[in-house]
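The next block is coords07.pdb, given as PDB, C-alpha atoms, pLDDT in the B column.
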ATOM      1  CA  SER A   1     112.317  -5.593 -22.345  1.00 71.00           C
ATOM      2  CA  ALA A   2     113.097  -6.435 -18.727  1.00 77.00           C
ATOM      3  CA  VAL A   3     115.214  -4.867 -16.034  1.00 88.00           C
ATOM      4  CA  ILE A   4     117.183  -7.520 -14.221  1.00 93.00           C
ATOM      5  CA  SER A   5     119.668  -7.030 -11.418  1.00 94.00           C
ATOM      6  CA  GLN A   6     122.064  -9.500  -9.867  1.00 96.00           C
ATOM      7  CA  LYS A   7     123.968  -9.497  -6.605  1.00 96.00           C
ATOM      8  CA  PRO A   8     126.846  -9.715  -6.103  1.00 96.00           C
ATOM      9  CA  SER A   9     128.301  -8.414  -9.345  1.00 95.00           C
ATOM     10  CA  ARG A  10     131.550 -10.242  -8.623  1.00 96.00           C
ATOM     11  CA  ASP A  11     133.184 -12.196  -5.844  1.00 97.00           C
ATOM     12  CA  ILE A  12     136.352 -14.043  -4.991  1.00 97.00           C
ATOM     13  CA  CYS A  13     135.792 -17.132  -2.890  1.00 97.00           C
ATOM     14  CA  GLN A  14     137.828 -19.875  -1.307  1.00 97.00           C
ATOM     15  CA  ARG A  15     137.413 -23.451  -2.387  1.00 97.00           C
ATOM     16  CA  GLY A  16     135.007 -25.482  -0.300  1.00 97.00           C
ATOM     17  CA  THR A  17     132.759 -22.533   0.470  1.00 97.00           C
ATOM     18  CA  SER A  18     129.370 -21.654  -1.020  1.00 97.00           C
ATOM     19  CA  LEU A  19     128.049 -18.504  -2.659  1.00 98.00           C
ATOM     20  CA  THR A  20     124.444 -17.472  -3.158  1.00 98.00           C
ATOM     21  CA  ILE A  21     123.651 -15.274  -6.144  1.00 98.00           C
ATOM     22  CA  GLN A  22     120.481 -13.210  -6.214  1.00 98.00           C
ATOM     23  CA  CYS A  23     118.439 -12.251  -9.249  1.00 97.00           C
ATOM     24  CA  GLN A  24     115.719  -9.600  -9.123  1.00 97.00           C
ATOM     25  CA  VAL A  25     113.332  -8.761 -11.980  1.00 95.00           C
ATOM     26  CA  ASP A  26     111.346  -5.567 -12.382  1.00 93.00           C
ATOM     27  CA  SER A  27     108.045  -7.359 -12.931  1.00 91.00           C
ATOM     28  CA  GLN A  28     106.480 -10.763 -12.420  1.00 92.00           C
ATOM     29  CA  VAL A  29     107.613 -13.606 -14.646  1.00 89.00           C
ATOM     30  CA  THR A  30     106.688 -17.260 -14.690  1.00 87.00           C
ATOM     31  CA  MET A  31     110.042 -18.688 -15.611  1.00 88.00           C
ATOM     32  CA  MET A  32     113.557 -17.651 -14.696  1.00 92.00           C
ATOM     33  CA  PHE A  33     116.690 -19.249 -16.063  1.00 94.00           C
ATOM     34  CA  TRP A  34     120.225 -19.639 -14.758  1.00 96.00           C
ATOM     35  CA  TYR A  35     123.191 -19.890 -17.134  1.00 96.00           C
ATOM     36  CA  ARG A  36     126.889 -20.445 -16.647  1.00 96.00           C
ATOM     37  CA  GLN A  37     129.583 -18.945 -18.851  1.00 93.00           C
ATOM     38  CA  GLN A  38     132.941 -20.488 -18.184  1.00 92.00           C
ATOM     39  CA  PRO A  39     136.060 -18.473 -19.123  1.00 88.00           C
ATOM     40  CA  GLY A  40     136.292 -18.083 -22.870  1.00 83.00           C
ATOM     41  CA  GLN A  41     133.239 -20.268 -23.379  1.00 86.00           C
ATOM     42  CA  SER A  42     129.652 -19.857 -24.418  1.00 88.00           C
ATOM     43  CA  LEU A  43     126.622 -19.931 -22.173  1.00 91.00           C
ATOM     44  CA  THR A  44     125.204 -23.166 -20.843  1.00 93.00           C
ATOM     45  CA  LEU A  45     121.809 -23.476 -19.229  1.00 93.00           C
ATOM     46  CA  ILE A  46     122.003 -24.729 -15.660  1.00 96.00           C
ATOM     47  CA  ALA A  47     118.341 -24.881 -14.730  1.00 94.00           C
ATOM     48  CA  THR A  48     114.912 -23.398 -15.158  1.00 92.00           C
ATOM     49  CA  ALA A  49     113.155 -22.041 -12.077  1.00 92.00           C
ATOM     50  CA  ASN A  50     109.388 -21.845 -11.813  1.00 86.00           C
ATOM     51  CA  GLN A  51     107.716 -20.235  -8.852  1.00 82.00           C
ATOM     52  CA  GLY A  52     106.152 -22.781  -6.551  1.00 79.00           C
ATOM     53  CA  SER A  53     107.919 -25.823  -7.913  1.00 80.00           C
ATOM     54  CA  GLU A  54     111.362 -27.372  -7.923  1.00 85.00           C
ATOM     55  CA  ALA A  55     113.807 -26.199 -10.511  1.00 91.00           C
ATOM     56  CA  THR A  56     114.425 -28.307 -13.589  1.00 92.00           C
ATOM     57  CA  TYR A  57     118.100 -29.033 -14.106  1.00 95.00           C
ATOM     58  CA  GLU A  58     119.909 -29.642 -17.377  1.00 93.00           C
ATOM     59  CA  SER A  59     122.114 -32.626 -17.978  1.00 92.00           C
ATOM     60  CA  GLY A  60     125.359 -32.304 -16.054  1.00 94.00           C
ATOM     61  CA  PHE A  61     123.935 -30.064 -13.334  1.00 96.00           C
ATOM     62  CA  VAL A  62     122.539 -31.327 -10.026  1.00 96.00           C
ATOM     63  CA  ILE A  63     120.536 -29.773  -7.240  1.00 96.00           C
ATOM     64  CA  ASP A  64     123.078 -30.588  -4.548  1.00 96.00           C
ATOM     65  CA  LYS A  65     125.705 -28.525  -6.345  1.00 97.00           C
ATOM     66  CA  PHE A  66     123.445 -25.724  -7.610  1.00 97.00           C
ATOM     67  CA  PRO A  67     120.401 -25.388  -5.344  1.00 96.00           C
ATOM     68  CA  ILE A  68     117.898 -22.836  -6.602  1.00 96.00           C
ATOM     69  CA  SER A  69     115.129 -20.990  -4.811  1.00 93.00           C
ATOM     70  CA  ARG A  70     112.185 -19.186  -6.358  1.00 93.00           C
ATOM     71  CA  PRO A  71     110.165 -17.713  -3.516  1.00 91.00           C
ATOM     72  CA  ASN A  72     108.086 -15.346  -5.648  1.00 91.00           C
ATOM     73  CA  LEU A  73     107.516 -14.209  -9.216  1.00 92.00           C
ATOM     74  CA  THR A  74     110.230 -11.534  -9.236  1.00 94.00           C
ATOM     75  CA  PHE A  75     113.135 -13.170  -7.403  1.00 94.00           C
ATOM     76  CA  SER A  76     115.386 -16.204  -7.533  1.00 95.00           C
ATOM     77  CA  THR A  77     118.654 -17.353  -6.020  1.00 96.00           C
ATOM     78  CA  LEU A  78     121.308 -19.741  -7.256  1.00 97.00           C
ATOM     79  CA  THR A  79     123.791 -21.210  -4.790  1.00 98.00           C
ATOM     80  CA  VAL A  80     127.110 -22.578  -5.955  1.00 98.00           C
ATOM     81  CA  SER A  81     128.007 -25.136  -3.288  1.00 97.00           C
ATOM     82  CA  ASN A  82     131.326 -26.573  -2.158  1.00 97.00           C
ATOM     83  CA  MET A  83     133.130 -24.521  -4.750  1.00 97.00           C
ATOM     84  CA  SER A  84     136.259 -25.521  -6.631  1.00 97.00           C
ATOM     85  CA  PRO A  85     138.349 -23.488  -9.073  1.00 96.00           C
ATOM     86  CA  GLU A  86     136.416 -25.148 -11.911  1.00 95.00           C
ATOM     87  CA  ASP A  87     133.356 -23.213 -10.759  1.00 97.00           C
ATOM     88  CA  SER A  88     135.007 -19.932 -11.696  1.00 97.00           C
ATOM     89  CA  SER A  89     132.578 -18.532 -14.233  1.00 96.00           C
ATOM     90  CA  ILE A  90     130.071 -15.835 -14.978  1.00 95.00           C
ATOM     91  CA  TYR A  91     126.622 -16.795 -13.753  1.00 97.00           C
ATOM     92  CA  LEU A  92     123.703 -15.103 -15.469  1.00 95.00           C
ATOM     93  CA  CYS A  93     120.016 -15.170 -14.824  1.00 96.00           C
ATOM     94  CA  SER A  94     117.486 -14.516 -17.530  1.00 94.00           C
ATOM     95  CA  VAL A  95     113.751 -14.205 -17.932  1.00 92.00           C
ATOM     96  CA  PHE A  96     111.413 -15.011 -20.741  1.00 83.00           C
ATOM     97  CA  ARG A  97     109.426 -11.959 -21.770  1.00 78.00           C
ATOM     98  CA  GLY A  98     107.172 -11.877 -24.754  1.00 69.00           C
ATOM     99  CA  PRO A  99     107.305 -11.921 -27.552  1.00 69.00           C
ATOM    100  CA  GLU A 100     109.604 -14.909 -27.715  1.00 74.00           C
ATOM    101  CA  THR A 101     112.636 -13.361 -26.110  1.00 82.00           C
ATOM    102  CA  GLN A 102     114.930 -13.945 -23.159  1.00 86.00           C
ATOM    103  CA  TYR A 103     116.525 -11.010 -21.394  1.00 90.00           C
ATOM    104  CA  PHE A 104     119.656 -11.374 -19.334  1.00 93.00           C
ATOM    105  CA  GLY A 105     120.961  -9.883 -16.156  1.00 93.00           C
ATOM    106  CA  PRO A 106     124.422  -8.313 -15.950  1.00 92.00           C
ATOM    107  CA  GLY A 107     125.977 -11.481 -14.544  1.00 94.00           C
ATOM    108  CA  THR A 108     127.920 -12.431 -11.434  1.00 96.00           C
ATOM    109  CA  ARG A 109     131.629 -12.934 -11.978  1.00 95.00           C
ATOM    110  CA  LEU A 110     132.931 -15.615  -9.650  1.00 97.00           C
ATOM    111  CA  LEU A 111     136.561 -16.498  -9.048  1.00 97.00           C
ATOM    112  CA  VAL A 112     137.323 -19.478  -6.845  1.00 97.00           C
ATOM    113  CA  LEU A 113     140.808 -19.758  -5.426  1.00 96.00           C
TER     114      LEU A 113
ATOM    115  CA  ALA B   1     118.576 -31.626 -30.589  1.00 78.00           C
ATOM    116  CA  GLN B   2     119.387 -28.109 -31.579  1.00 84.00           C
ATOM    117  CA  SER B   3     122.877 -26.767 -32.089  1.00 90.00           C
ATOM    118  CA  VAL B   4     124.627 -23.632 -33.279  1.00 94.00           C
ATOM    119  CA  THR B   5     127.978 -23.226 -34.986  1.00 95.00           C
ATOM    120  CA  GLN B   6     129.647 -19.864 -35.237  1.00 96.00           C
ATOM    121  CA  LEU B   7     132.428 -19.840 -37.788  1.00 93.00           C
ATOM    122  CA  GLY B   8     135.400 -17.915 -36.501  1.00 91.00           C
ATOM    123  CA  SER B   9     136.053 -17.403 -32.816  1.00 92.00           C
ATOM    124  CA  HIS B  10     137.790 -14.116 -33.624  1.00 96.00           C
ATOM    125  CA  VAL B  11     136.998 -11.640 -36.374  1.00 97.00           C
ATOM    126  CA  SER B  12     138.945  -8.457 -36.949  1.00 97.00           C
ATOM    127  CA  VAL B  13     137.848  -5.672 -39.288  1.00 97.00           C
ATOM    128  CA  SER B  14     138.867  -2.101 -39.912  1.00 97.00           C
ATOM    129  CA  GLU B  15     136.705   0.761 -38.807  1.00 97.00           C
ATOM    130  CA  GLY B  16     134.237   1.534 -41.589  1.00 97.00           C
ATOM    131  CA  ALA B  17     134.504  -1.933 -43.121  1.00 97.00           C
ATOM    132  CA  LEU B  18     131.761  -4.508 -43.495  1.00 97.00           C
ATOM    133  CA  VAL B  19     131.122  -6.750 -40.503  1.00 97.00           C
ATOM    134  CA  LEU B  20     130.078 -10.343 -41.234  1.00 98.00           C
ATOM    135  CA  LEU B  21     129.662 -12.837 -38.417  1.00 98.00           C
ATOM    136  CA  ARG B  22     128.606 -16.316 -39.458  1.00 97.00           C
ATOM    137  CA  CYS B  23     126.100 -18.554 -37.744  1.00 97.00           C
ATOM    138  CA  ASN B  24     124.754 -21.924 -38.841  1.00 97.00           C
ATOM    139  CA  TYR B  25     122.177 -23.844 -36.889  1.00 95.00           C
ATOM    140  CA  SER B  26     120.677 -27.283 -36.671  1.00 91.00           C
ATOM    141  CA  SER B  27     117.082 -27.753 -35.620  1.00 85.00           C
ATOM    142  CA  SER B  28     114.461 -30.405 -36.169  1.00 79.00           C
ATOM    143  CA  VAL B  29     111.683 -27.848 -35.875  1.00 81.00           C
ATOM    144  CA  PRO B  30     111.308 -24.370 -37.328  1.00 82.00           C
ATOM    145  CA  PRO B  31     113.740 -22.369 -35.246  1.00 87.00           C
ATOM    146  CA  TYR B  32     113.699 -19.093 -33.466  1.00 91.00           C
ATOM    147  CA  LEU B  33     117.086 -17.423 -33.972  1.00 93.00           C
ATOM    148  CA  PHE B  34     118.789 -14.716 -31.964  1.00 94.00           C
ATOM    149  CA  TRP B  35     121.930 -12.633 -31.907  1.00 97.00           C
ATOM    150  CA  TYR B  36     123.145 -11.312 -28.565  1.00 96.00           C
ATOM    151  CA  VAL B  37     126.079  -9.010 -27.872  1.00 96.00           C
ATOM    152  CA  GLN B  38     128.204  -8.991 -24.742  1.00 92.00           C
ATOM    153  CA  TYR B  39     130.342  -5.954 -24.065  1.00 91.00           C
ATOM    154  CA  PRO B  40     133.280  -6.335 -21.677  1.00 85.00           C
ATOM    155  CA  ASN B  41     132.171  -6.951 -18.102  1.00 80.00           C
ATOM    156  CA  GLN B  42     128.496  -6.737 -19.018  1.00 84.00           C
ATOM    157  CA  GLY B  43     125.602  -9.133 -19.512  1.00 85.00           C
ATOM    158  CA  LEU B  44     124.012 -10.101 -22.795  1.00 90.00           C
ATOM    159  CA  GLN B  45     122.016  -7.627 -24.833  1.00 92.00           C
ATOM    160  CA  LEU B  46     119.610  -8.706 -27.543  1.00 92.00           C
ATOM    161  CA  LEU B  47     120.664  -7.420 -30.964  1.00 95.00           C
ATOM    162  CA  LEU B  48     117.923  -8.933 -33.080  1.00 95.00           C
ATOM    163  CA  LYS B  49     115.756 -11.992 -33.517  1.00 92.00           C
ATOM    164  CA  TYR B  50     113.944 -14.013 -36.138  1.00 92.00           C
ATOM    165  CA  THR B  51     110.768 -15.837 -35.275  1.00 88.00           C
ATOM    166  CA  THR B  52     108.445 -15.769 -38.257  1.00 86.00           C
ATOM    167  CA  GLY B  53     107.726 -13.561 -41.227  1.00 87.00           C
ATOM    168  CA  ALA B  54     110.315 -11.471 -43.033  1.00 89.00           C
ATOM    169  CA  THR B  55     113.607 -13.297 -43.269  1.00 91.00           C
ATOM    170  CA  LEU B  56     115.715 -10.149 -43.180  1.00 95.00           C
ATOM    171  CA  VAL B  57     115.580  -8.712 -39.704  1.00 96.00           C
ATOM    172  CA  LYS B  58     117.005  -5.438 -38.509  1.00 96.00           C
ATOM    173  CA  GLY B  59     118.306  -4.878 -35.035  1.00 94.00           C
ATOM    174  CA  ILE B  60     119.896  -2.246 -32.919  1.00 93.00           C
ATOM    175  CA  ASN B  61     123.091  -0.358 -33.713  1.00 93.00           C
ATOM    176  CA  GLY B  62     122.745  -0.874 -37.472  1.00 95.00           C
ATOM    177  CA  PHE B  63     123.019  -4.669 -37.415  1.00 97.00           C
ATOM    178  CA  GLU B  64     120.880  -6.975 -39.490  1.00 97.00           C
ATOM    179  CA  ALA B  65     120.656 -10.693 -40.154  1.00 97.00           C
ATOM    180  CA  GLU B  66     119.035 -12.859 -42.778  1.00 96.00           C
ATOM    181  CA  PHE B  67     117.415 -16.211 -42.098  1.00 95.00           C
ATOM    182  CA  LYS B  68     118.200 -18.627 -44.932  1.00 95.00           C
ATOM    183  CA  LYS B  69     116.400 -21.886 -44.378  1.00 92.00           C
ATOM    184  CA  SER B  70     118.026 -23.642 -47.340  1.00 92.00           C
ATOM    185  CA  GLU B  71     121.464 -22.853 -45.937  1.00 94.00           C
ATOM    186  CA  THR B  72     120.461 -23.209 -42.253  1.00 94.00           C
ATOM    187  CA  SER B  73     122.193 -19.910 -41.678  1.00 96.00           C
ATOM    188  CA  PHE B  74     121.567 -16.684 -39.799  1.00 97.00           C
ATOM    189  CA  HIS B  75     124.590 -14.504 -40.496  1.00 98.00           C
ATOM    190  CA  LEU B  76     124.950 -11.116 -38.826  1.00 98.00           C
ATOM    191  CA  THR B  77     126.077  -8.096 -40.841  1.00 98.00           C
ATOM    192  CA  LYS B  78     126.714  -4.398 -40.467  1.00 98.00           C
ATOM    193  CA  PRO B  79     127.721  -2.261 -43.445  1.00 97.00           C
ATOM    194  CA  SER B  80     130.219  -0.070 -41.607  1.00 97.00           C
ATOM    195  CA  ALA B  81     131.997  -1.065 -38.418  1.00 97.00           C
ATOM    196  CA  HIS B  82     132.417   1.348 -35.550  1.00 96.00           C
ATOM    197  CA  MET B  83     134.919   1.150 -32.741  1.00 96.00           C
ATOM    198  CA  SER B  84     132.054   0.719 -30.279  1.00 95.00           C
ATOM    199  CA  ASP B  85     131.078  -2.558 -31.986  1.00 96.00           C
ATOM    200  CA  ALA B  86     134.021  -4.345 -30.397  1.00 96.00           C
ATOM    201  CA  ALA B  87     132.450  -7.070 -28.279  1.00 96.00           C
ATOM    202  CA  GLU B  88     131.588 -10.763 -28.094  1.00 95.00           C
ATOM    203  CA  TYR B  89     128.671 -11.851 -30.256  1.00 97.00           C
ATOM    204  CA  PHE B  90     126.580 -14.930 -29.628  1.00 96.00           C
ATOM    205  CA  CYS B  91     124.156 -16.638 -31.967  1.00 96.00           C
ATOM    206  CA  ALA B  92     121.421 -18.697 -30.310  1.00 94.00           C
ATOM    207  CA  VAL B  93     118.605 -20.985 -31.388  1.00 92.00           C
ATOM    208  CA  SER B  94     115.498 -22.156 -29.633  1.00 87.00           C
ATOM    209  CA  ASP B  95     112.382 -24.072 -30.407  1.00 75.00           C
ATOM    210  CA  GLN B  96     109.227 -22.115 -30.886  1.00 64.00           C
ATOM    211  CA  GLY B  97     108.711 -21.874 -27.175  1.00 64.00           C
ATOM    212  CA  ALA B  98     111.881 -19.759 -27.022  1.00 55.00           C
ATOM    213  CA  GLN B  99     112.321 -20.863 -23.466  1.00 74.00           C
ATOM    214  CA  LYS B 100     115.482 -22.903 -23.805  1.00 81.00           C
ATOM    215  CA  LEU B 101     118.265 -21.205 -25.699  1.00 89.00           C
ATOM    216  CA  VAL B 102     121.208 -23.062 -27.194  1.00 91.00           C
ATOM    217  CA  PHE B 103     124.159 -20.773 -27.802  1.00 93.00           C
ATOM    218  CA  GLY B 104     127.023 -20.875 -30.216  1.00 94.00           C
ATOM    219  CA  GLN B 105     130.586 -20.563 -29.017  1.00 93.00           C
ATOM    220  CA  GLY B 106     130.694 -16.848 -29.630  1.00 94.00           C
ATOM    221  CA  THR B 107     132.721 -14.620 -31.936  1.00 96.00           C
ATOM    222  CA  ARG B 108     134.950 -11.912 -30.588  1.00 96.00           C
ATOM    223  CA  LEU B 109     134.860  -8.887 -32.880  1.00 97.00           C
ATOM    224  CA  THR B 110     137.828  -6.533 -32.904  1.00 97.00           C
ATOM    225  CA  ILE B 111     137.739  -3.207 -34.727  1.00 97.00           C
ATOM    226  CA  ASN B 112     141.017  -1.777 -35.985  1.00 95.00           C
ATOM    227  CA  PRO B 113     141.392   1.992 -36.263  1.00 93.00           C
TER     228      PRO B 113
END
What does the file become when written as structure tokens?
Amino acid sequence: SAVISQKPSRDICQRGTSLTIQCQVDSQVTMMFWYRQQPGQSLTLIATANQGSEATYESGFVIDKFPISRPNLTFSTLTVSNMSPEDSSIYLCSVFRGPETQYFGPGTRLLVL
Amino acid sequence: AQSVTQLGSHVSVSEGALVLLRCNYSSSVPPYLFWYVQYPNQGLQLLLKYTTGATLVKGINGFEAEFKKSETSFHLTKPSAHMSDAAEYFCAVSDQGAQKLVFGQGTRLTINP
């Protein structure tokens, strides 16, 4: 398995501001993933973050809105920029750890007013 | 493209009764299939997975699931429900790289005393 922590665990933000979410893993991993879970919805992949290269974004998600950093093999950040109430969601990071399994962090619960 | 359909957004059973949560998938390649559970205000925890081999897989907390290729199904069962099973359950599919998960809409399981 994997031990994954996220900061902050929750936040309430004003529209137009930005929030950076941190994800820390207990050991080195090649790929880290960021998901969004809107209220009452399932999880949707935002982007995949590889160390040393730009993140790969899924359809409907853009770097200007969700910039991602991956400075080393155990850490990543996701920024939610210029927030609106529609960005209120749970944001989860995950890592791929063999065999063939993704493990998830506890999530960051974001409310935008 | 892969997709997952979970039949029933809400399932309610009595304590001690059989739990059956339905999941059907669509995949153009042999799939990897997963069940995750999300307890209130927590992240996702892996319940069980199917990759290859035996089609009946056992997971944590007494849950099991059977991969039926002919029915494109991966239903989750537990013989006797416990109050602590109340949670949101997500079925997910990936290709054999298991590095991009597609989730179903989730099923909220309620246990009645």
Which residues of chain B are close to chain A, meaning at most 12 Å apart when you count all atoms listed in the file, and how do they look as an mmCIF file with C-alpha atoms, in the frame of the given file?
data_model
loop_
_atom_site.group_PDB
_atom_site.id
_atom_site.type_symbol
_atom_site.label_atom_id
_atom_site.label_comp_id
_atom_site.auth_asym_id
_atom_site.auth_seq_id
_atom_site.Cartn_x
_atom_site.Cartn_y
_atom_site.Cartn_z
ATOM 1 C CA VAL B 4 124.627 -23.632 -33.279
ATOM 2 C CA THR B 5 127.978 -23.226 -34.986
ATOM 3 C CA GLN B 6 129.647 -19.864 -35.237
ATOM 4 C CA SER B 9 136.053 -17.403 -32.816
ATOM 5 C CA HIS B 10 137.790 -14.116 -33.624
ATOM 6 C CA PRO B 31 113.740 -22.369 -35.246
ATOM 7 C CA TYR B 32 113.699 -19.093 -33.466
ATOM 8 C CA LEU B 33 117.086 -17.423 -33.972
ATOM 9 C CA PHE B 34 118.789 -14.716 -31.964
ATOM 10 C CA TRP B 35 121.930 -12.633 -31.907
ATOM 11 C CA TYR B 36 123.145 -11.312 -28.565
ATOM 12 C CA VAL B 37 126.079 -9.010 -27.872
ATOM 13 C CA GLN B 38 128.204 -8.991 -24.742
ATOM 14 C CA TYR B 39 130.342 -5.954 -24.065
ATOM 15 C CA PRO B 40 133.280 -6.335 -21.677
ATOM 16 C CA ASN B 41 132.171 -6.951 -18.102
ATOM 17 C CA GLN B 42 128.496 -6.737 -19.018
ATOM 18 C CA GLY B 43 125.602 -9.133 -19.512
ATOM 19 C CA LEU B 44 124.012 -10.101 -22.795
ATOM 20 C CA GLN B 45 122.016 -7.627 -24.833
ATOM 21 C CA LEU B 46 119.610 -8.706 -27.543
ATOM 22 C CA LEU B 47 120.664 -7.420 -30.964
ATOM 23 C CA LEU B 48 117.923 -8.933 -33.080
ATOM 24 C CA LYS B 49 115.756 -11.992 -33.517
ATOM 25 C CA TYR B 50 113.944 -14.013 -36.138
ATOM 26 C CA THR B 51 110.768 -15.837 -35.275
ATOM 27 C CA THR B 52 108.445 -15.769 -38.257
ATOM 28 C CA GLU B 88 131.588 -10.763 -28.094
ATOM 29 C CA TYR B 89 128.671 -11.851 -30.256
ATOM 30 C CA PHE B 90 126.580 -14.930 -29.628
ATOM 31 C CA CYS B 91 124.156 -16.638 -31.967
ATOM 32 C CA ALA B 92 121.421 -18.697 -30.310
ATOM 33 C CA VAL B 93 118.605 -20.985 -31.388
ATOM 34 C CA SER B 94 115.498 -22.156 -29.633
ATOM 35 C CA ASP B 95 112.382 -24.072 -30.407
ATOM 36 C CA GLN B 96 109.227 -22.115 -30.886
ATOM 37 C CA GLY B 97 108.711 -21.874 -27.175
ATOM 38 C CA ALA B 98 111.881 -19.759 -27.022
ATOM 39 C CA GLN B 99 112.321 -20.863 -23.466
ATOM 40 C CA LYS B 100 115.482 -22.903 -23.805
ATOM 41 C CA LEU B 101 118.265 -21.205 -25.699
ATOM 42 C CA VAL B 102 121.208 -23.062 -27.194
ATOM 43 C CA PHE B 103 124.159 -20.773 -27.802
ATOM 44 C CA GLY B 104 127.023 -20.875 -30.216
ATOM 45 C CA GLN B 105 130.586 -20.563 -29.017
ATOM 46 C CA GLY B 106 130.694 -16.848 -29.630
ATOM 47 C CA THR B 107 132.721 -14.620 -31.936
ATOM 48 C CA ARG B 108 134.950 -11.912 -30.588
#
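Among the candidates B:Gly53, B:Gly59, B:Pro79, B:Pro30, the one nearest to B:Val13 when counting all atoms listed in the file is B:Pro79.
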- Run through the PyMOL selection byres ((chain A and resi 64) around 10) on the given coordinates and return the selected residues as a ChimeraX atom specification. /A:61-63,65-68,79-82
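Using only C-alpha atoms, the nearest neighbour of B:Gly8 within the list B:Asn61, B:Thr55, B:Asn24, B:Ser70 is B:Asn24.
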- Message: What does the structure give for the distance between atom CA of A:Gln28 and atom CA of A:Gln6, in Å to one decimal?
- Response: 15.8 Å
- Distance of atom CA of B:Ser73 from atom CA of B:Glu15, expressed in Å to one decimal place: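 Taking atom CA of B:Glu15 and atom CA of B:Ser73, their separation equals 25.4 Å.
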- Resolved residues for the PyMOL selection byres ((chain B and resi 109-111) around 6) as a list in words: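 For this structure, the PyMOL selection byres ((chain B and resi 109-111) around 6) captures Val11, Ser12, Val13, Ser14, Glu15, Met83, Ala86, Ala87, Arg108 and Asn112 of chain B.
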- atom CA of A:Arg70 to atom CA of A:Pro8, straight-line distance in Å: 17.5 Å
Any chance you could resolve the PyMOL selection byres ((chain B and resi 75) around 6) against this file and give the residues as a PDB file with C-alpha atoms, in the frame of the given file?
ATOM      1  CA  LEU B  21     129.662 -12.837 -38.417  1.00 98.00           C
ATOM      2  CA  ARG B  22     128.606 -16.316 -39.458  1.00 97.00           C
ATOM      3  CA  CYS B  23     126.100 -18.554 -37.744  1.00 97.00           C
ATOM      4  CA  ALA B  65     120.656 -10.693 -40.154  1.00 97.00           C
ATOM      5  CA  PHE B  74     121.567 -16.684 -39.799  1.00 97.00           C
ATOM      6  CA  LEU B  76     124.950 -11.116 -38.826  1.00 98.00           C
TER       7      LEU B  76
END
- Item | A:Gln51 surroundings by all atoms listed in the file, 7 Å radius, close-in-sequence under 6 positions cut, as a PyMOL selection string | chain A and resi 30+70-73
What does the file look like for those residues with C-alpha atoms, as a JSON list (two decimals), in the frame of the given file?
[["chain", "number", "residue", "atom", "x", "y", "z"],
["A", 30, "THR", "CA", 106.69, -17.26, -14.69],
["A", 70, "ARG", "CA", 112.18, -19.19, -6.36],
["A", 71, "PRO", "CA", 110.16, -17.71, -3.52],
["A", 72, "ASN", "CA", 108.09, -15.35, -5.65],
["A", 73, "LEU", "CA", 107.52, -14.21, -9.22]]
